[in-house]
Amino acid sequence: MLGSLLPFQNKTLCLFFVLSLVALCLSAQQQTPIQNKTLVVFSFLNKENENQNLLDTHKNLIAIGVDAVNYINLLNLNSSPDIKKSINDYLKNREIKNILFYNEESKEINLLTLGSFLNNQQPYMSIKGDSVLKKLKEELINKKLTQNTFLYSPKPEVINRVKVKPFNKILVKPNLENQKIGSLKNYNTNQAVEIVVVEEKEDYRFYYSNGINYFITFYKGTESFLKNTYGVDGLELGSNKETLILVLEHTATRNKLFYFNKEKTSEQELLSEFLSN
């Protein structure tokens with residue numbers, strides 16, 4: 001009886017060893033040394049003193065060995081599908097290895113590999129509480145990591161604009177009566193305009209072929225970033241104020257009309273105002 005169990009035990013031990021090895025390999029793939037190229041996604045408490053905060057943060061990060069090659073405001077990371085794709089492509093081309101989220105408001109630092117970031121996976125390191133930069137320093141000291149570069153960026157290089165697909169601006173609001181307008185969300189409107197909730201499609205010709213001439217979406221980001229990226233008239237360069245923009249896009253030509261009111265922060269309110277004007 002004992003002899004018949006030995007082969008089974010050996011197979012079990014072998015399987016356990018293989019699974020453990022696979023788990024170790026996956027764990028190694030899910031992490032990358034923090035000294036490799038890193039994008040820092042920031043959100044500061046003091047919005048009016050952002051430049052000084054960036055200088056201080058950059059100084060602290062490179063002092064503990066973080067190769068912070070770029071910074072971007074959290075508000076701008078997912079401002080629009082085009083922006084998200086452009087940023088992702090840039091990270092791959094620049095061979096960024098880490099994404100470090102530093103949220104001063106929630107007192108939190110999260111670290112993700114580029115792969116985890118692109119696939120919306122969980123961070124491999126998360127630090128919370130007061131003095132998170134100090135805690136990150138202690139964590140890295142405990143890991144006894146070696147420095148990879150001696151040529152850190154002398155100052156924080158902030159991503160203030162990205163490349164998006166070329167488009168033409170619609171300068172005058174078209175007559176939208178009797179027009180079918182597509183949207184990914186359901187909005188309450190009392191206007192004589194039909195807004196149809198549709199599934200997200202990358203190719204807008206799908207909407208056009210189904211009788212939807214226009215598509216409405218909203219971009220949200222810092223005023224300066226949206227100004228630099230889309231050339232929206234009326235927005236201020238250098239302003240890091242959170243801004244909401246309504247975008248009316250023709251489904252055939254992909255031409256865009258931008259509408260905003262700096263006092264409106266609700267999509268519903270901005271849409272109602274746009275349709276009533």
# chains A, B, ... in the order shown; residues from 1 in each chain; ligands from 1

call {"tool": "residues_around", "arguments": {"residues": "Thr217 (chain A)", "least_positions_apart": "3", "cutoff": "12 Å", "atoms": "only C-alpha atoms", "output": "PyMOL selection string"}}
result
chain A and resi 79-81+181-187+195+197-198+200+214+220+244-250+256-259+267-268+270-271

call {"tool": "closest_atom_pairs", "arguments": {"of": "region 132-228 of chain A", "to": "region 232-237 of chain A", "cutoff": "9 Å", "atoms": "only C-alpha atoms", "output": "Markdown table"}}
result
| residue | atom | partner | partner_atom | distance |
| --- | --- | --- | --- | --- |
| A:Glu223 | CA | A:Leu235 | CA | 5.9 |
| A:Ser224 | CA | A:Leu237 | CA | 4.5 |
| A:Phe225 | CA | A:Leu237 | CA | 7.9 |
| A:Leu226 | CA | A:Val232 | CA | 6.9 |
| A:Lys227 | CA | A:Val232 | CA | 5.0 |
| A:Asn228 | CA | A:Leu237 | CA | 7.4 |

call {"tool": "write_last_selection", "arguments": {"atoms": "C-alpha atoms", "output": "PDB file, in the first residue's frame"}}
result
ATOM      1  CA  GLU A 223      -7.351  73.894 -18.981  1.00  0.00           C
ATOM      2  CA  SER A 224      -3.829  74.263 -20.357  1.00  0.00           C
ATOM      3  CA  PHE A 225      -3.518  70.608 -21.396  1.00  0.00           C
ATOM      4  CA  LEU A 226      -6.778  70.687 -23.364  1.00  0.00           C
ATOM      5  CA  LYS A 227      -5.781  74.016 -24.913  1.00  0.00           C
ATOM      6  CA  ASN A 228      -2.394  72.671 -26.022  1.00  0.00           C
TER       7      ASN A 228
END

call {"tool": "residues_around", "arguments": {"residues": "Glu48 (chain A)", "least_positions_apart": "4", "cutoff": "10 Å", "atoms": "only C-alpha atoms", "output": "ChimeraX atom specification"}}
result
/A:44,52-53,239-241

call {"tool": "atom_distance", "arguments": {"atom1": "CA of Phe167 (chain A)", "atom2": "CA of Leu39 (chain A)"}}
result
28.3 Å

call {"tool": "select_by_dssp", "arguments": {"residues": "region 57-224 of chain A", "states": "alpha helix (DSSP H)", "output": "PyMOL selection string"}}
result
chain A and resi 57-63+81-93+114-118+132-143+205-209+223-224

call {"tool": "residues_around", "arguments": {"residues": "Leu55 (chain A)", "least_positions_apart": "6", "cutoff": "12 Å", "atoms": "only C-alpha atoms", "output": "PyMOL selection string"}}
result
chain A and resi 49+61-62+68+71+153-158

call {"tool": "select_by_dssp", "arguments": {"residues": "region 25-225 of chain A", "states": "strand (DSSP E)", "output": "MDAnalysis selection string"}}
result
chainID A and resid 38:43 68:73 98:103 108:113 125:128 180:183 194:197 214:222

call {"tool": "closest_residue", "arguments": {"among": "A:Thr38, A:Asp203, A:Thr113, A:Leu133", "to": "Asp56 (chain A)", "atoms": "only C-alpha atoms"}}
result
A:Leu133

call {"tool": "residues_around", "arguments": {"residues": "region 116-122 of chain A", "least_positions_apart": "5", "cutoff": "9 Å", "atoms": "only C-alpha atoms", "output": "MDAnalysis selection string"}}
result
chainID A and resid 30 88 98:99 111

call {"tool": "closest_residue", "arguments": {"among": "A:Met125, A:Phe274, A:Val69, A:Leu77", "to": "Pro174 (chain A)", "atoms": "only C-alpha atoms"}}
result
A:Phe274

call {"tool": "closest_residue", "arguments": {"among": "A:Ile64, A:Leu176, A:Val196, A:Ile127", "to": "Asn210 (chain A)", "atoms": "only C-alpha atoms"}}
result
A:Val196

call {"tool": "atom_distance", "arguments": {"atom1": "CA of Ser126 (chain A)", "atom2": "CA of Asn51 (chain A)"}}
result
25.3 Å

call {"tool": "closest_residue", "arguments": {"among": "A:Asn93, A:Asn70, A:Asn103, A:Asn142", "to": "Lys128 (chain A)", "atoms": "only C-alpha atoms"}}
result
A:Asn103
